[in-house]
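Participant: Input file: input20.cif. Contents: mmCIF, C-alpha atoms.
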data_target
loop_
_atom_site.label_atom_id
_atom_site.label_comp_id
_atom_site.auth_asym_id
_atom_site.auth_seq_id
_atom_site.Cartn_x
_atom_site.Cartn_y
_atom_site.Cartn_z
CA MET A 1 9.72 -3.99 -7.82
CA ARG A 2 11.10 -5.98 -4.91
CA ARG A 3 7.55 -6.60 -3.75
CA LEU A 4 6.65 -7.99 -7.19
CA PHE A 5 9.57 -10.43 -7.02
CA ILE A 6 8.65 -11.57 -3.52
CA GLN A 7 4.97 -12.03 -4.43
CA PHE A 8 5.80 -14.04 -7.57
CA TYR A 9 8.37 -16.14 -5.72
CA LEU A 10 6.02 -16.88 -2.82
CA LEU A 11 3.24 -17.82 -5.24
CA LEU A 12 5.56 -20.19 -7.12
CA VAL A 13 6.92 -21.74 -3.92
CA THR A 14 3.42 -22.15 -2.49
CA CYS A 15 2.16 -23.91 -5.63
CA PHE A 16 5.27 -26.10 -5.66
CA MET A 17 4.91 -27.02 -2.00
CA VAL A 18 1.20 -27.80 -2.37
CA ALA A 19 1.93 -30.07 -5.33
CA VAL A 20 4.79 -31.82 -3.50
CA VAL A 21 2.74 -32.27 -0.34
CA MET A 22 -0.20 -33.72 -2.26
CA VAL A 23 2.01 -36.16 -4.20
CA GLY A 24 3.98 -36.97 -1.05
CA ALA A 25 0.80 -37.61 0.92
CA VAL A 26 -0.45 -40.13 -1.66
CA TYR A 27 2.97 -41.78 -1.85
CA LYS A 28 3.40 -41.82 1.93
CA GLN A 29 -0.03 -43.35 2.43
CA ALA A 30 0.72 -46.13 -0.02
CA VAL A 31 4.22 -46.85 1.30
CA ASP A 32 3.17 -46.58 4.95
CA ASP A 33 0.32 -49.03 4.44
CA VAL A 34 2.58 -51.60 2.79
CA GLY A 35 5.48 -51.01 5.20
CA GLU A 36 3.35 -51.12 8.32
CA ARG A 37 1.55 -54.24 7.15
CA TYR A 38 4.86 -55.99 6.38
CA LEU A 39 6.46 -54.87 9.64
CA SER A 40 3.39 -55.81 11.64
CA ASP A 41 3.26 -59.30 10.12
CA LEU A 42 6.97 -59.80 10.72
CA LEU A 43 6.78 -58.69 14.34
CA ARG A 44 3.61 -60.63 15.01
CA THR A 45 5.27 -63.82 13.72
CA THR A 46 8.48 -63.14 15.65
CA LEU A 47 6.72 -62.30 18.90
CA SER A 48 4.45 -65.32 18.51
CA LEU A 49 7.51 -67.59 18.26
CA ILE A 50 9.01 -66.01 21.36
CA GLU A 51 5.72 -66.30 23.23
CA ALA A 52 5.60 -70.00 22.27
CA ASP A 53 9.11 -70.49 23.67
CA LEU A 54 8.03 -68.90 26.97
CA HIS A 55 4.87 -70.95 27.25
CA GLY A 56 5.05 -73.15 30.36
CA VAL A 57 8.26 -71.49 31.58
CA PRO A 58 8.11 -69.77 35.00
CA GLU A 59 8.15 -65.97 34.86
CA ASP A 60 11.45 -65.71 36.71
CA ARG A 61 13.17 -67.73 33.96
CA TRP A 62 11.75 -65.82 30.94
CA THR A 63 14.79 -63.61 30.54
CA GLU A 64 17.15 -66.59 30.74
CA THR A 65 15.05 -68.46 28.20
CA LEU A 66 15.16 -65.53 25.77
CA GLN A 67 18.92 -65.28 26.08
CA SER A 68 19.39 -69.00 25.44
CA SER A 69 16.95 -69.04 22.53
CA ASN A 70 18.47 -70.04 19.19
CA HIS A 71 16.38 -67.47 17.26
CA ASP A 72 18.62 -65.08 15.32
CA PHE A 73 16.90 -61.68 15.50
CA THR A 74 18.23 -58.45 14.02
CA PHE A 75 16.70 -56.50 16.88
CA LYS A 76 16.69 -56.82 20.66
CA VAL A 77 13.77 -58.55 22.44
CA THR A 78 13.25 -58.29 26.21
CA VAL A 79 10.59 -59.07 28.78
CA GLU A 80 9.51 -56.20 30.99
CA LYS A 81 6.67 -55.44 33.35
CA GLN A 82 3.72 -53.59 31.87
CA SER A 83 3.91 -51.09 34.72
CA ASN A 84 7.27 -49.88 33.38
CA TYR A 85 5.46 -48.05 30.55
CA LEU A 86 2.98 -45.22 30.99
CA LEU A 87 0.50 -45.80 28.20
CA ASP A 88 -2.72 -44.06 27.30
CA GLU A 89 -6.05 -45.81 27.65
CA GLU A 90 -6.29 -46.65 23.96
CA SER A 91 -2.88 -48.33 23.95
CA GLU A 92 -3.71 -50.27 27.12
CA ASP A 93 -6.89 -51.61 25.52
CA ALA A 94 -4.97 -52.58 22.37
CA LEU A 95 -2.42 -54.54 24.42
CA ASN A 96 -5.18 -56.33 26.33
CA ARG A 97 -6.70 -57.39 22.98
CA GLY A 98 -3.38 -58.94 22.00
CA GLU A 99 -2.43 -56.27 19.47
CA ILE A 100 1.05 -54.83 18.90
CA VAL A 101 1.54 -51.25 20.07
CA MET A 102 4.29 -49.02 18.66
CA LEU A 103 6.06 -46.32 20.70
CA GLU A 104 7.30 -43.98 17.98
CA ASP A 105 9.31 -41.76 20.28
CA LYS A 106 11.34 -44.74 21.62
CA TYR A 107 11.32 -46.84 18.40
CA LEU A 108 9.84 -49.81 20.33
CA PHE A 109 7.09 -52.40 19.69
CA LEU A 110 5.12 -53.87 22.61
CA GLN A 111 3.01 -57.02 22.88
CA LYS A 112 1.42 -58.35 26.05
CA ILE A 113 2.23 -61.93 27.10
CA GLU A 114 -1.04 -63.78 27.49
CA ASP A 115 -2.34 -64.20 31.05
CA SER A 116 0.43 -62.07 32.61
CA ASN A 117 1.43 -58.51 33.44
CA TYR A 118 4.54 -58.70 31.29
CA LEU A 119 5.30 -57.32 27.86
CA LEU A 120 7.53 -58.51 25.06
CA VAL A 121 9.50 -55.43 24.06
CA ALA A 122 11.11 -55.42 20.58
CA GLY A 123 13.58 -52.69 19.75
CA PRO A 124 14.73 -50.10 19.42
CA LEU A 125 14.39 -50.82 15.67
CA ARG A 126 16.79 -49.12 13.31
CA TYR A 127 14.05 -49.04 10.68
CA LEU A 128 11.96 -46.64 12.74
CA PHE A 129 15.00 -44.53 13.48
CA PHE A 130 15.71 -44.41 9.74
CA LEU A 131 12.13 -43.32 9.02
CA HIS A 132 12.47 -40.52 11.58
CA GLN A 133 15.72 -39.34 10.01
CA LEU A 134 14.21 -39.62 6.55
CA LYS A 135 11.38 -37.28 7.57
CA SER A 136 13.92 -34.64 8.64
CA VAL A 137 15.80 -35.09 5.37
CA ASP A 138 12.53 -34.65 3.46
CA TYR A 139 11.89 -31.34 5.16
CA ALA A 140 15.43 -30.17 4.47
CA LEU A 141 15.16 -31.17 0.80
CA LEU A 142 11.85 -29.33 0.45
CA ALA A 143 13.37 -26.20 1.94
CA LEU A 144 16.40 -26.48 -0.34
CA LEU A 145 14.19 -26.93 -3.41
CA GLY A 146 12.08 -23.96 -2.38
CA LEU A 147 15.18 -21.78 -2.03
CA SER A 148 16.59 -23.01 -5.34
CA LEU A 149 13.44 -21.79 -7.10
CA ALA A 150 14.54 -18.23 -6.29
CA ILE A 151 17.39 -18.55 -8.81
CA PRO A 152 15.27 -19.13 -11.97
CA VAL A 153 12.68 -16.66 -10.72
CA PHE A 154 15.36 -13.99 -10.27
CA LEU A 155 17.02 -14.77 -13.62
CA TRP A 156 13.65 -14.49 -15.38
CA MET A 157 12.48 -11.40 -13.54
CA GLN A 158 15.73 -9.41 -13.38
CA PRO A 159 15.51 -7.92 -16.92
CA HIS A 160 11.80 -7.24 -16.47
CA TRP A 161 12.62 -5.70 -13.11
CA LYS A 162 15.09 -3.24 -14.68
CA ASP A 163 12.65 -2.31 -17.44
CA LEU A 164 9.79 -1.79 -14.99
CA VAL A 165 12.01 0.38 -12.77
CA THR A 166 12.82 2.50 -15.84
CA LEU A 167 9.10 2.73 -16.61
CA GLU A 168 8.34 3.71 -13.01
CA LYS A 169 10.98 6.46 -12.98
CA THR A 170 9.74 7.88 -16.27
CA ALA A 171 6.16 7.85 -14.98
CA GLY A 172 7.37 9.75 -11.90
CA LYS A 173 9.01 12.38 -14.12
CA LEU A 174 5.82 12.71 -16.16
CA ALA A 175 3.74 13.09 -12.99
CA GLY A 176 6.20 15.73 -11.78
CA GLY A 177 5.54 17.87 -14.87
CA ASP A 178 8.37 16.75 -17.20
CA PHE A 179 6.22 16.04 -20.25
CA SER A 180 9.28 15.37 -22.41
CA ALA A 181 10.12 12.20 -20.44
CA ARG A 182 9.89 9.02 -22.51
CA VAL A 183 10.72 5.33 -21.96
CA HIS A 184 13.50 3.80 -24.07
CA LEU A 185 13.78 0.00 -23.78
CA PRO A 186 15.73 -2.56 -25.84
CA SER A 187 13.88 -4.44 -28.57
CA ARG A 188 14.15 -7.73 -26.66
CA SER A 189 12.39 -6.31 -23.59
CA GLY A 190 9.31 -8.21 -22.46
CA VAL A 191 7.50 -4.98 -21.56
CA ARG A 192 8.39 -3.09 -24.73
CA GLN A 193 4.74 -2.92 -25.81
CA VAL A 194 3.81 -1.41 -22.43
CA ALA A 195 6.57 1.19 -22.91
CA ALA A 196 5.31 1.98 -26.40
CA ALA A 197 1.77 2.46 -25.08
CA PHE A 198 3.15 4.65 -22.27
CA ASN A 199 5.08 6.83 -24.73
CA HIS A 200 1.99 7.17 -26.92
CA MET A 201 -0.01 8.24 -23.88
CA ALA A 202 2.68 10.75 -22.91
CA ASP A 203 2.71 12.17 -26.45
CA SER A 204 -1.07 12.58 -26.35
CA ILE A 205 -0.96 14.27 -22.94
CA ALA A 206 1.83 16.63 -24.02
CA ALA A 207 -0.03 17.51 -27.23
CA LEU A 208 -3.26 18.10 -25.33
CA LEU A 209 -1.59 20.34 -22.76
CA ALA A 210 0.30 22.25 -25.45
CA SER A 211 -2.95 22.80 -27.34
CA LYS A 212 -4.67 23.96 -24.16
CA LYS A 213 -1.87 26.39 -23.30
CA ALA A 214 -1.68 27.71 -26.83
CA LEU A 215 -5.43 28.27 -26.88
CA THR A 216 -5.44 29.97 -23.47
CA ASN A 217 -2.52 32.24 -24.35
CA ALA A 218 -3.94 33.06 -27.77
CA VAL A 219 -7.39 33.91 -26.42
CA ALA A 220 -5.95 35.96 -23.58
CA HIS A 221 -3.58 37.94 -25.81
CA GLU A 222 -6.15 38.42 -28.56
CA LEU A 223 -8.61 39.83 -26.04
CA ARG A 224 -6.16 42.47 -24.87
CA THR A 225 -6.08 44.29 -28.21
CA PRO A 226 -9.84 44.96 -28.49
CA LEU A 227 -9.89 45.82 -24.78
CA ALA A 228 -7.26 48.49 -25.32
CA ARG A 229 -9.20 49.87 -28.29
CA LEU A 230 -12.43 49.98 -26.28
CA ARG A 231 -10.73 51.87 -23.46
CA TYR A 232 -9.25 54.35 -25.93
CA ARG A 233 -12.56 54.93 -27.67
CA LEU A 234 -14.35 55.21 -24.32
CA ALA A 235 -11.91 57.94 -23.32
CA LEU A 236 -12.71 59.85 -26.55
CA LEU A 237 -16.45 59.80 -25.94
CA GLU A 238 -17.88 63.20 -25.26
CA GLY A 239 -20.25 63.73 -22.42
CA GLU A 240 -20.33 63.52 -18.70
CA GLU A 241 -17.43 61.70 -17.18
CA ASP A 242 -19.57 60.20 -14.40
CA SER A 243 -22.47 59.01 -16.53
CA PRO A 244 -23.96 55.64 -15.43
CA ALA A 245 -23.47 54.14 -18.89
CA LYS A 246 -19.80 55.03 -18.98
CA LYS A 247 -19.26 53.66 -15.47
CA ALA A 248 -20.99 50.41 -16.42
CA ILE A 249 -18.79 50.06 -19.53
CA GLU A 250 -15.64 50.70 -17.49
CA LYS A 251 -16.74 48.12 -14.92
CA ASP A 252 -17.32 45.50 -17.63
CA LEU A 253 -13.94 46.25 -19.19
CA ALA A 254 -12.25 45.88 -15.82
CA ALA A 255 -13.97 42.52 -15.33
CA ILE A 256 -12.82 41.29 -18.75
CA ASP A 257 -9.29 42.55 -18.07
CA SER A 258 -9.29 40.72 -14.73
CA LEU A 259 -10.44 37.53 -16.44
CA VAL A 260 -7.60 37.80 -18.97
CA GLU A 261 -5.07 38.19 -16.16
CA GLU A 262 -6.53 35.17 -14.34
CA LEU A 263 -6.37 33.08 -17.53
CA LEU A 264 -2.74 33.97 -18.12
CA PHE A 265 -1.78 33.28 -14.51
CA HIS A 266 -3.63 29.93 -14.55
CA ALA A 267 -1.86 28.95 -17.80
CA LYS A 268 1.49 29.91 -16.25
CA LEU A 269 0.92 27.59 -13.28
CA ASP A 270 0.35 24.65 -15.63
CA ARG A 271 3.82 24.96 -17.10
CA PRO A 272 6.28 22.41 -15.67
CA GLU A 273 9.11 24.90 -15.96
CA ALA A 274 7.33 27.42 -13.74
CA PRO A 275 10.00 28.36 -11.17
CA LEU A 276 9.48 28.64 -7.42
CA GLN A 277 11.15 31.48 -5.54
CA LEU A 278 11.33 29.85 -2.12
CA THR A 279 11.86 32.17 0.84
CA GLN A 280 11.40 32.05 4.59
CA PHE A 281 9.00 34.61 6.05
CA ASP A 282 6.96 35.29 9.17
CA ALA A 283 3.59 33.79 8.29
CA VAL A 284 1.61 35.40 11.13
CA SER A 285 2.36 39.02 10.28
CA TRP A 286 2.03 38.21 6.56
CA ALA A 287 -1.42 36.62 7.05
CA ARG A 288 -2.64 39.47 9.24
CA GLU A 289 -1.65 41.97 6.54
CA ARG A 290 -3.66 40.01 3.92
CA ILE A 291 -6.65 39.78 6.31
CA HIS A 292 -6.62 43.54 7.02
CA GLU A 293 -6.68 44.23 3.28
CA GLN A 294 -9.71 42.01 2.82
CA ALA A 295 -11.37 43.42 5.96
CA THR A 296 -11.52 46.89 4.39
CA LEU A 297 -13.87 45.43 1.77
CA ALA A 298 -16.14 43.86 4.43
CA PRO A 299 -15.84 45.85 7.66
CA ASP A 300 -19.03 44.35 9.12
CA MET A 301 -17.54 40.84 9.00
CA HIS A 302 -15.92 39.34 12.10
CA TRP A 303 -12.35 38.40 11.10
CA ILE A 304 -10.53 35.94 13.38
CA GLU A 305 -6.78 36.31 12.87
CA PRO A 306 -4.22 33.50 13.35
CA ALA A 307 -2.99 33.06 16.91
CA GLY A 308 0.64 33.34 18.01
CA ASP A 309 3.41 35.88 17.58
CA GLU A 310 5.67 34.29 14.97
CA LEU A 311 5.58 31.28 12.63
CA VAL A 312 8.09 30.66 9.84
CA PHE A 313 6.87 29.42 6.45
CA LEU A 314 9.10 28.25 3.60
CA ALA A 315 7.36 28.85 0.25
CA ASP A 316 7.05 31.10 -2.77
CA GLN A 317 5.58 34.06 -0.93
CA TYR A 318 4.03 35.62 -4.03
CA LEU A 319 2.17 32.41 -4.93
CA VAL A 320 0.93 31.57 -1.43
CA THR A 321 -0.20 35.20 -1.14
CA ARG A 322 -2.38 34.61 -4.21
CA ALA A 323 -3.67 31.42 -2.60
CA LEU A 324 -4.53 33.08 0.72
CA ASP A 325 -6.11 36.07 -1.05
CA ASN A 326 -8.30 33.73 -3.08
CA PHE A 327 -9.34 31.83 0.07
CA LEU A 328 -10.14 35.06 1.92
CA SER A 329 -11.95 36.60 -1.05
CA ASN A 330 -13.99 33.43 -1.50
CA ALA A 331 -14.87 33.37 2.23
CA ARG A 332 -15.74 37.09 2.20
CA ARG A 333 -18.25 36.59 -0.60
CA TYR A 334 -20.06 33.66 0.98
CA ALA A 335 -19.66 34.04 4.77
CA THR A 336 -22.59 35.20 6.85
CA SER A 337 -20.72 36.95 9.66
CA THR A 338 -17.44 35.20 10.61
CA ILE A 339 -14.19 34.24 8.86
CA GLN A 340 -11.35 32.49 10.68
CA THR A 341 -7.78 31.99 9.43
CA THR A 342 -5.47 29.38 10.99
CA LEU A 343 -1.77 28.77 10.33
CA SER A 344 0.37 25.86 11.48
CA VAL A 345 3.61 23.97 10.87
CA GLU A 346 3.32 20.32 11.90
CA ASN A 347 5.12 17.15 10.80
CA ARG A 348 7.26 19.23 8.40
CA ASN A 349 4.15 20.57 6.64
CA CYS A 350 2.97 24.18 6.35
CA THR A 351 -0.81 24.55 6.52
CA ILE A 352 -3.25 27.41 5.88
CA MET A 353 -6.92 26.98 6.82
CA VAL A 354 -9.72 29.48 6.16
CA ASP A 355 -13.16 28.82 7.69
CA ASP A 356 -16.43 30.61 7.04
CA ASP A 357 -19.99 30.31 8.38
CA GLY A 358 -21.64 30.48 4.95
CA PRO A 359 -23.78 27.85 3.18
CA GLY A 360 -20.86 25.45 2.78
CA ILE A 361 -20.17 23.07 -0.11
CA PRO A 362 -21.94 19.70 -0.54
CA GLU A 363 -19.62 16.73 -0.13
CA ALA A 364 -20.37 15.52 -3.67
CA ASP A 365 -19.07 18.83 -5.12
CA ARG A 366 -15.93 19.23 -3.02
CA ALA A 367 -13.61 17.50 -5.49
CA ARG A 368 -14.67 19.46 -8.59
CA VAL A 369 -14.77 22.86 -6.90
CA PHE A 370 -11.05 23.25 -7.78
CA ASP A 371 -11.66 22.73 -11.51
CA PRO A 372 -11.50 25.82 -13.75
CA PHE A 373 -14.75 27.75 -14.40
CA ILE A 374 -16.77 25.68 -11.92
CA ARG A 375 -19.67 27.44 -10.20
CA LEU A 376 -21.82 25.68 -7.64
CA ASP A 377 -25.03 27.58 -8.28
CA GLU A 378 -27.11 25.59 -5.83
CA SER A 379 -24.96 26.47 -2.84
CA ARG A 380 -23.17 29.67 -3.79
CA GLY A 381 -25.18 31.57 -6.41
CA ARG A 382 -23.93 33.79 -9.27
CA LYS A 383 -24.72 37.05 -7.54
CA THR A 384 -21.35 36.96 -5.79
CA GLY A 385 -19.42 37.27 -9.06
CA GLY A 386 -15.96 35.83 -9.81
CA HIS A 387 -14.63 33.99 -12.84
CA GLY A 388 -14.43 30.45 -11.45
CA LEU A 389 -10.61 30.43 -11.68
CA GLY A 390 -9.61 31.42 -8.13
CA LEU A 391 -9.71 27.96 -6.56
CA ALA A 392 -8.22 26.39 -9.72
CA ILE A 393 -5.27 28.77 -9.31
CA VAL A 394 -4.91 27.69 -5.66
CA ALA A 395 -4.83 24.04 -6.80
CA GLY A 396 -2.05 24.91 -9.27
CA ILE A 397 -0.07 26.69 -6.54
CA ALA A 398 -0.41 23.60 -4.31
CA ARG A 399 0.87 21.35 -7.13
CA LEU A 400 3.91 23.55 -7.71
CA HIS A 401 4.73 23.26 -4.00
CA HIS A 402 4.20 19.45 -4.12
CA GLY A 403 1.34 19.91 -1.69
CA GLU A 404 -2.42 19.47 -1.64
CA VAL A 405 -5.56 21.54 -1.42
CA ARG A 406 -8.98 20.41 -0.25
CA VAL A 407 -12.27 21.60 1.17
CA GLU A 408 -14.27 20.12 4.02
CA ALA A 409 -17.01 21.07 6.47
CA SER A 410 -16.09 23.87 8.85
CA PRO A 411 -16.80 23.92 12.61
CA LEU A 412 -18.31 27.36 11.95
CA GLY A 413 -21.00 25.73 9.81
CA GLY A 414 -19.73 26.68 6.35
CA ALA A 415 -16.71 25.58 4.33
CA ARG A 416 -13.10 25.05 5.42
CA PHE A 417 -10.47 25.47 2.69
CA ILE A 418 -7.05 23.96 3.37
CA ILE A 419 -3.76 24.22 1.50
CA ARG A 420 -0.79 22.22 2.78
CA TRP A 421 2.72 21.73 1.41
CA PRO A 422 5.93 20.11 2.73
CA THR A 423 8.71 22.28 4.07
#
Would you write the structure of this file as structure tokens?
Facilitator:
Amino acid sequence: MRRLFIQFYLLLVTCFMVAVVMVGAVYKQAVDDVGERYLSDLLRTTLSLIEADLHGVPEDRWTETLQSSNHDFTFKVTVEKQSNYLLDEESEDALNRGEIVMLEDKYLFLQKIEDSNYLLVAGPLRYLFFLHQLKSVDYALLALLGLSLAIPVFLWMQPHWKDLVTLEKTAGKLAGGDFSARVHLPSRSGVRQVAAAFNHMADSIAALLASKKALTNAVAHELRTPLARLRYRLALLEGEEDSPAKKAIEKDLAAIDSLVEELLFHAKLDRPEAPLQLTQFDAVSWARERIHEQATLAPDMHWIEPAGDELVFLADQYLVTRALDNFLSNARRYATSTIQTTLSVENRNCTIMVDDDGPGIPEADRARVFDPFIRLDESRGRKTGGHGLGLAIVAGIARLHHGEVRVEASPLGGARFIIRWPT
């Protein structure tokens, strides 16, 4: 919110300064033209009178003549050699044409005495000194006005600031899984309508998620009853125990039972109250144990284990075990010959990477591969089986750990799956 205040204040000050500068420029141009014309005429008349007094007087008596002159000037006038002043070429040419030259830094006016190398020097003039001081005062007033604008901006924005902070905190709670969080603002709040729309959105999201969970739980639990009946009736069937038909039925029942378990586990991960049992464990020995279990299902595959002797992870070991198992199982189904597992703890983040040398995943499909029931037929094929929930479960595990999961191209030529979470 502080950034919003600064941006609004800078915008207001910038617009104010631009307006002041534009008005001041027009005013300054008008006043300067009149003032310079008046001052130039006055000085030209004065210096012409002095030059007339010096006409015919020897150069060595010019100073004495000026001092004895009965002209009552409000500024000092002296005669000095032109060589006493280092002037640019433009000023030199102006003096030779008989024009008056102003030295702003010294508050002086110069005019060349005709047919001589001497100058009439008028000043320093208090008027020029006043103009110089006035310019500094103008800058100070502009700065003071700019700073004073912060007071009304702050008074106007402060209540909105508090309300927006409340809205931001509630949005953070909602994003963190607290779907009961709502915004409560006073009736006079300027962002009350935004809060009402936010609460309506939160109600819709909560209702949608509740409906989804209820449907998932209902379907999963309702499936278990007919599954149990089918198993019971299958056991009562007479005939050979090892008949192909009976084995096929048992395999299908096991697949449906596995799908039910996956659905229930996926629904559990979506619950904001799902607890994490954080523990510290040796990740290297843990990962090697999971790899050896998968290797028994694919002994012809080349399994590259994580390097090192010991590496400590802080996580829910049961959940990250499910994540690693899903990664390894996915790699085992699609790899051609090699699967590599890498573990690391860097910048206070725990990371698991599993690479394979399979067909990989197109870049356009890498974001949706973690959605439930997604199958990438073009690159993976249905022959490998699975329910399409494994990677969705990994994404849920990453969310519970406040981490991330992603897939990218692997140096082995296939896909690299990464899960990372803060320690």
Participant: Take atom CA of Leu167 of chain A and atom CA of His184 of chain A and report the distance between them in Å, one decimal.
Facilitator: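 The value is 8.7 Å.
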Participant: Return the single residue from A:Leu149, A:Ile397, A:Leu12, A:Val312 that is closest to Val345 of chain A, with distances computed using all atoms listed in the file.
Facilitator: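 The answer is A:Val312, which sits nearest to Val345 of chain A.
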Participant: Could you please determine the separation between atom CA of Thr351 of chain A and atom CA of Arg420 of chain A in Å, to one decimal place?
Facilitator: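 Atom-to-atom, atom CA of Thr351 of chain A to atom CA of Arg420 of chain A, that is 4.4 Å.
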Participant: Skipping near chain neighbours, those fewer than 5 positions away, what residues fall within 9 Å of Asn199 of chain A using all atoms listed in the file, listed as a ChimeraX atom specification?
Facilitator: /A:181-184,194,204
Participant: Which residue, A:Ser410, A:Asn96, A:Ser116, A:Thr166, has the smallest gap to Glu80 of chain A when you use only C-alpha atoms?
Facilitator: A:Ser116
Participant: What residues have an atom no more than 6 Å from (-16.6, 27.5, 5.8) in the file's own frame, counting all atoms listed in the file, and can you write them as a JSON list (two decimals) with C-alpha atoms, keeping the file's coordinate frame?
Facilitator:
[["chain", "number", "residue", "atom", "x", "y", "z"],
["A", 355, "ASP", "CA", -13.16, 28.82, 7.69],
["A", 356, "ASP", "CA", -16.43, 30.61, 7.04],
["A", 357, "ASP", "CA", -19.99, 30.31, 8.38],
["A", 358, "GLY", "CA", -21.64, 30.48, 4.95],
["A", 360, "GLY", "CA", -20.86, 25.45, 2.78],
["A", 410, "SER", "CA", -16.09, 23.87, 8.85],
["A", 414, "GLY", "CA", -19.73, 26.68, 6.35],
["A", 415, "ALA", "CA", -16.71, 25.58, 4.33],
["A", 416, "ARG", "CA", -13.10, 25.05, 5.42]]
Participant: What does the distance from atom CA of Ala150 of chain A to atom CA of Arg192 of chain A come to in Å, to one decimal?
Facilitator: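 One can read the atom CA of Ala150 of chain A to atom CA of Arg192 of chain A distance as 24.6 Å.
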Participant: Applied to the shown file, which residues does the PyMOL selection byres ((chain A and resi 406) around 9) return, written as a PDB file with C-alpha atoms, in the coordinates of the input?
Facilitator:
ATOM      1  CA  ARG A 366     -15.930  19.230  -3.020  1.00  0.00           C
ATOM      2  CA  ALA A 367     -13.610  17.500  -5.490  1.00  0.00           C
ATOM      3  CA  PHE A 370     -11.050  23.250  -7.780  1.00  0.00           C
ATOM      4  CA  ALA A 395      -4.830  24.040  -6.800  1.00  0.00           C
ATOM      5  CA  GLU A 404      -2.420  19.470  -1.640  1.00  0.00           C
ATOM      6  CA  VAL A 405      -5.560  21.540  -1.420  1.00  0.00           C
ATOM      7  CA  VAL A 407     -12.270  21.600   1.170  1.00  0.00           C
ATOM      8  CA  GLU A 408     -14.270  20.120   4.020  1.00  0.00           C
ATOM      9  CA  ARG A 416     -13.100  25.050   5.420  1.00  0.00           C
ATOM     10  CA  PHE A 417     -10.470  25.470   2.690  1.00  0.00           C
ATOM     11  CA  ILE A 418      -7.050  23.960   3.370  1.00  0.00           C
ATOM     12  CA  ILE A 419      -3.760  24.220   1.500  1.00  0.00           C
ATOM     13  CA  ARG A 420      -0.790  22.220   2.780  1.00  0.00           C
TER      14      ARG A 420
END
Participant: Could you list as a PDB file with C-alpha atoms, keeping the file's coordinate frame every residue that has an atom within 9 Å of (2.8, -53.2, 29.5), using the file's coordinates and counting only C-alpha atoms?
Facilitator:
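Resulting contents of selection-v8.pdb:
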ATOM      1  CA  GLU A  80       9.510 -56.200  30.990  1.00  0.00           C
ATOM      2  CA  LYS A  81       6.670 -55.440  33.350  1.00  0.00           C
ATOM      3  CA  GLN A  82       3.720 -53.590  31.870  1.00  0.00           C
ATOM      4  CA  SER A  83       3.910 -51.090  34.720  1.00  0.00           C
ATOM      5  CA  ASN A  84       7.270 -49.880  33.380  1.00  0.00           C
ATOM      6  CA  TYR A  85       5.460 -48.050  30.550  1.00  0.00           C
ATOM      7  CA  LEU A  86       2.980 -45.220  30.990  1.00  0.00           C
ATOM      8  CA  LEU A  87       0.500 -45.800  28.200  1.00  0.00           C
ATOM      9  CA  GLU A  92      -3.710 -50.270  27.120  1.00  0.00           C
ATOM     10  CA  LEU A  95      -2.420 -54.540  24.420  1.00  0.00           C
ATOM     11  CA  LEU A 110       5.120 -53.870  22.610  1.00  0.00           C
ATOM     12  CA  GLN A 111       3.010 -57.020  22.880  1.00  0.00           C
ATOM     13  CA  LYS A 112       1.420 -58.350  26.050  1.00  0.00           C
ATOM     14  CA  ASN A 117       1.430 -58.510  33.440  1.00  0.00           C
ATOM     15  CA  TYR A 118       4.540 -58.700  31.290  1.00  0.00           C
ATOM     16  CA  LEU A 119       5.300 -57.320  27.860  1.00  0.00           C
ATOM     17  CA  LEU A 120       7.530 -58.510  25.060  1.00  0.00           C
ATOM     18  CA  VAL A 121       9.500 -55.430  24.060  1.00  0.00           C
TER      19      VAL A 121
END
Participant: Within 10 Å of Gly308 of chain A, counting all atoms listed in the file, which residues qualify if same-chain residues fewer than 5 places away don't, as a ChimeraX atom specification?
Facilitator: /A:284-285,343-344
Participant: Identify, on the basis of all atoms listed in the file, every residue whose closest approach to Met301 of chain A does not exceed 8 Å; exclude the query and any residue fewer than 6 positions from it along the same chain; express the result as JSON, numbers by chain.
Facilitator: {"A": [295, 332, 336, 337, 338, 339]}
